Protein chains: 2
Amino acid sequence: MFSDLDPLLHSQLRLGIMSLLMSVEYAEFTFLKEKTNSTAGNLSVQLDKLSVAGYISIEKSFKGKKPLTTCTVTKKGIKAFEEYVNALKQYIKQP
Amino acid sequence: MFSDLDPLLHSQLRLGIMSLLMSVEYAEFTFLKEKTNSTAGNLSVQLDKLSVAGYISIEKSFKGKKPLTTCTVTKKGIKAFEEYVNALKQYIKQP
DNA sequence: ATATTTTGGTTTATTTTATAAACTAATTTA
DNA sequence: TAAATTAGTTTATAAAATAAACCAAAATAT
C-alpha cells in the first residue's frame, strides 16, 4: 500500500537541506542556515547525518581566516531524494 | 522559504492513517493496521494522538462481543492534511 | 589598546517521538 | 480444556530532534 519513507529524508530540516541542494550547485553553511531558518547546532548535526549517509558531501575550508563549510548533494543523495518524493506521492495523492 | 510541516502529520504512520481516512468514509482498526502495515501498539498510540489533536474521531463499540474501533477524519483533520500537502510541495518540487 | 560582540561553527545535554514489548480480556480452535 | 488468535491498551526503550553551552577567530566599539 504505502512504501516506506526514508527516515533520513523524512525530517523537516534534512528535507529542506536536500531540497535546497537539489536546486543549486553548492551551498554554504550560512546560506542553508538562513534558508532553512534553523539554528547552527541543529544544522550542523543534520548536515553530518546526511554526510555520513553519503547523501551530501561537505567541504571545510577557509574564506580568508573564517571557516567555510560548503555542501553539495551526491549522486546517491539525488537518487534517495527522488525515491523519497515518489514514495511520498502515494501518501499525499488526493482523491 | 519553507513553511513548517505540521509535526503531527509529518510521521509516516500518522500520515498513512490520514491518507487512508481521506479516501474512505470510515475505517476499522484492523483495516488501518493491515493497510499501514503497523503493529497494533504503534497504531493505537498514533490514533490516539490524531484523536487528541481533533484530526480524527474514534468510536469504540462492539461487533458481536469483540471490540470494534472505527475512525473517521474530521473537518479539522481534512484541513490540516490539505495544508500539510501544500507545505510539503514546497520541499519536493523538483527543478 | 582592550573589552565586547559577531561570525561560523561543534559538542553535549535535554526533550520529544516513534517503536517495541508486555500485558489484558474475550474468543475461537484443536 | 488447553492453546492460540483477535483486538486492542499500557508501559518501557530506543532513536531523533532540538536546544543550550561552548570554542576560536575576527570585527567593532570604547
# chains A, B, ... in the order shown; residues from 1 in each chain; ligands from 1
>>> select_by_dssp(residues="chain A", states="strand (DSSP E or B)", output="list in words")
Ala27, Glu28, Ile56, Ser57, Ile58, Glu59, Lys60, Ser61, Phe62, Lys63, Lys66, Pro67, Leu68, Thr69, Thr70, Cys71, Thr72 and Val73 of chain A
>>> write_last_selection(atoms="C-alpha atoms", output="CSV table (one decimal), in the first residue's frame")
chain,number,residue,atom,x,y,z
A,27,ALA,CA,25.6,25.8,-0.7
A,28,GLU,CA,27.4,27.3,2.2
A,56,ILE,CA,25.8,15.0,0.6
A,57,SER,CA,29.5,15.9,0.7
A,58,ILE,CA,30.9,18.5,2.9
A,59,GLU,CA,34.0,20.5,2.4
A,60,LYS,CA,35.5,22.5,5.1
A,61,SER,CA,37.9,25.3,4.1
A,62,PHE,CA,38.6,28.9,4.9
A,63,LYS,CA,37.3,32.1,3.4
A,66,LYS,CA,37.0,32.3,8.7
A,67,PRO,CA,35.8,28.7,8.5
A,68,LEU,CA,33.7,27.9,5.5
A,69,THR,CA,31.6,24.9,5.1
A,70,THR,CA,30.4,24.1,1.6
A,71,CYS,CA,27.9,21.3,0.8
A,72,THR,CA,26.9,19.6,-2.4
A,73,VAL,CA,24.4,16.8,-3.0
>>> interface_residues(of="chain C", to="chain A", cutoff="8 Å", atoms="only C-alpha atoms (C1' of nucleotides)", output="compact mmCIF listing (two decimals) with C-alpha atoms (C1' of nucleotides), in the first residue's frame")
# COMPACT_ATOMS: atom_id res chain seq x y z
C1' DG C 8 30.93 30.31 11.93
C1' DG C 9 30.70 26.73 13.61
C1' DT C 10 30.95 21.95 17.08
>>> residues_around(residues="DA16 (chain D)", least_positions_apart="3", cutoff="9 Å", atoms="only C-alpha atoms (C1' of nucleotides)", output="list in words")
DT16, DT17 and DA18 of chain C
>>> closest_residue(among="B:Ser19, B:Gln46, B:Arg14, B:Gly54", to="chain A", atoms="only C-alpha atoms")
B:Ser19
>>> atom_distance(atom1="CA of Asn37 (chain A)", atom2="CA of Tyr84 (chain B)")
18.4 Å
>>> closest_atom_pairs(of="chain D", to="chain A", cutoff="10 Å", atoms="only C-alpha atoms (C1' of nucleotides)", output="Markdown table")
| residue | atom | partner | partner_atom | distance |
| --- | --- | --- | --- | --- |
| D:DA16 | C1' | A:Ser11 | CA | 9.4 |
| D:DA17 | C1' | A:Asn42 | CA | 8.0 |
| D:DT18 | C1' | A:Asn42 | CA | 6.6 |
| D:DA19 | C1' | A:Gly41 | CA | 8.2 |
| D:DA20 | C1' | A:Gly41 | CA | 9.4 |
| D:DA24 | C1' | A:Lys66 | CA | 9.9 |
| D:DA25 | C1' | A:Lys66 | CA | 7.2 |
| D:DA26 | C1' | A:Lys66 | CA | 7.9 |
>>> select_by_dssp(residues="chain A", states="helix (DSSP H, G or I)", output="PyMOL selection string")
chain A and resi 12-23+29-36+40-52+75-92
>>> write_last_selection(atoms="C-alpha atoms", output="tab-separated table (two decimals), in the first residue's frame")
chain	number	residue	atom	x	y	z
A	12	GLN	CA	11.77	18.74	8.04
A	13	LEU	CA	15.25	20.15	8.31
A	14	ARG	CA	17.07	17.43	6.40
A	15	LEU	CA	14.42	17.51	3.69
A	16	GLY	CA	14.79	21.28	3.46
A	17	ILE	CA	18.55	20.97	3.17
A	18	MET	CA	18.26	18.36	0.44
A	19	SER	CA	15.61	20.33	-1.37
A	20	LEU	CA	17.91	23.34	-1.47
A	21	LEU	CA	20.93	21.33	-2.51
A	22	MET	CA	18.91	19.82	-5.35
A	23	SER	CA	18.41	23.26	-6.81
A	29	PHE	CA	26.55	26.64	5.80
A	30	THR	CA	25.28	30.16	6.38
A	31	PHE	CA	23.12	30.04	3.28
A	32	LEU	CA	21.49	26.80	4.40
A	33	LYS	CA	21.07	28.15	7.89
A	34	GLU	CA	19.25	31.22	6.64
A	35	LYS	CA	17.08	29.46	4.08
A	36	THR	CA	16.01	26.67	6.39
A	40	ALA	CA	23.61	26.40	13.73
A	41	GLY	CA	23.70	23.47	16.15
A	42	ASN	CA	20.78	21.67	14.61
A	43	LEU	CA	22.04	22.35	11.11
A	44	SER	CA	25.50	21.07	11.98
A	45	VAL	CA	24.08	17.82	13.35
A	46	GLN	CA	21.75	17.22	10.43
A	47	LEU	CA	24.37	18.01	7.82
A	48	ASP	CA	26.57	15.48	9.49
A	49	LYS	CA	23.91	12.80	9.27
A	50	LEU	CA	23.35	13.46	5.59
A	51	SER	CA	27.07	13.35	5.04
A	52	VAL	CA	27.55	10.09	6.93
A	75	LYS	CA	24.54	11.11	-6.83
A	76	LYS	CA	23.36	8.84	-4.06
A	77	GLY	CA	21.61	11.78	-2.46
A	78	ILE	CA	19.83	12.71	-5.65
A	79	LYS	CA	18.61	9.16	-6.08
A	80	ALA	CA	17.42	8.97	-2.49
A	81	PHE	CA	15.62	12.27	-2.81
A	82	GLU	CA	13.86	11.20	-5.96
A	83	GLU	CA	12.81	7.91	-4.43
A	84	TYR	CA	11.58	9.69	-1.35
A	85	VAL	CA	9.47	12.05	-3.44
A	86	ASN	CA	7.96	9.15	-5.33
A	87	ALA	CA	7.14	7.25	-2.16
A	88	LEU	CA	5.65	10.35	-0.62
A	89	LYS	CA	3.34	10.86	-3.53
A	90	GLN	CA	1.47	7.69	-2.58
A	91	TYR	CA	0.62	9.30	0.72
A	92	ILE	CA	-0.47	12.68	-0.47
>>> atom_distance(atom1="C1' of DT10 (chain D)", atom2="C1' of DA20 (chain C)")
12.3 Å
>>> atom_distance(atom1="C1' of DT12 (chain C)", atom2="C1' of DA14 (chain D)")
18.7 Å
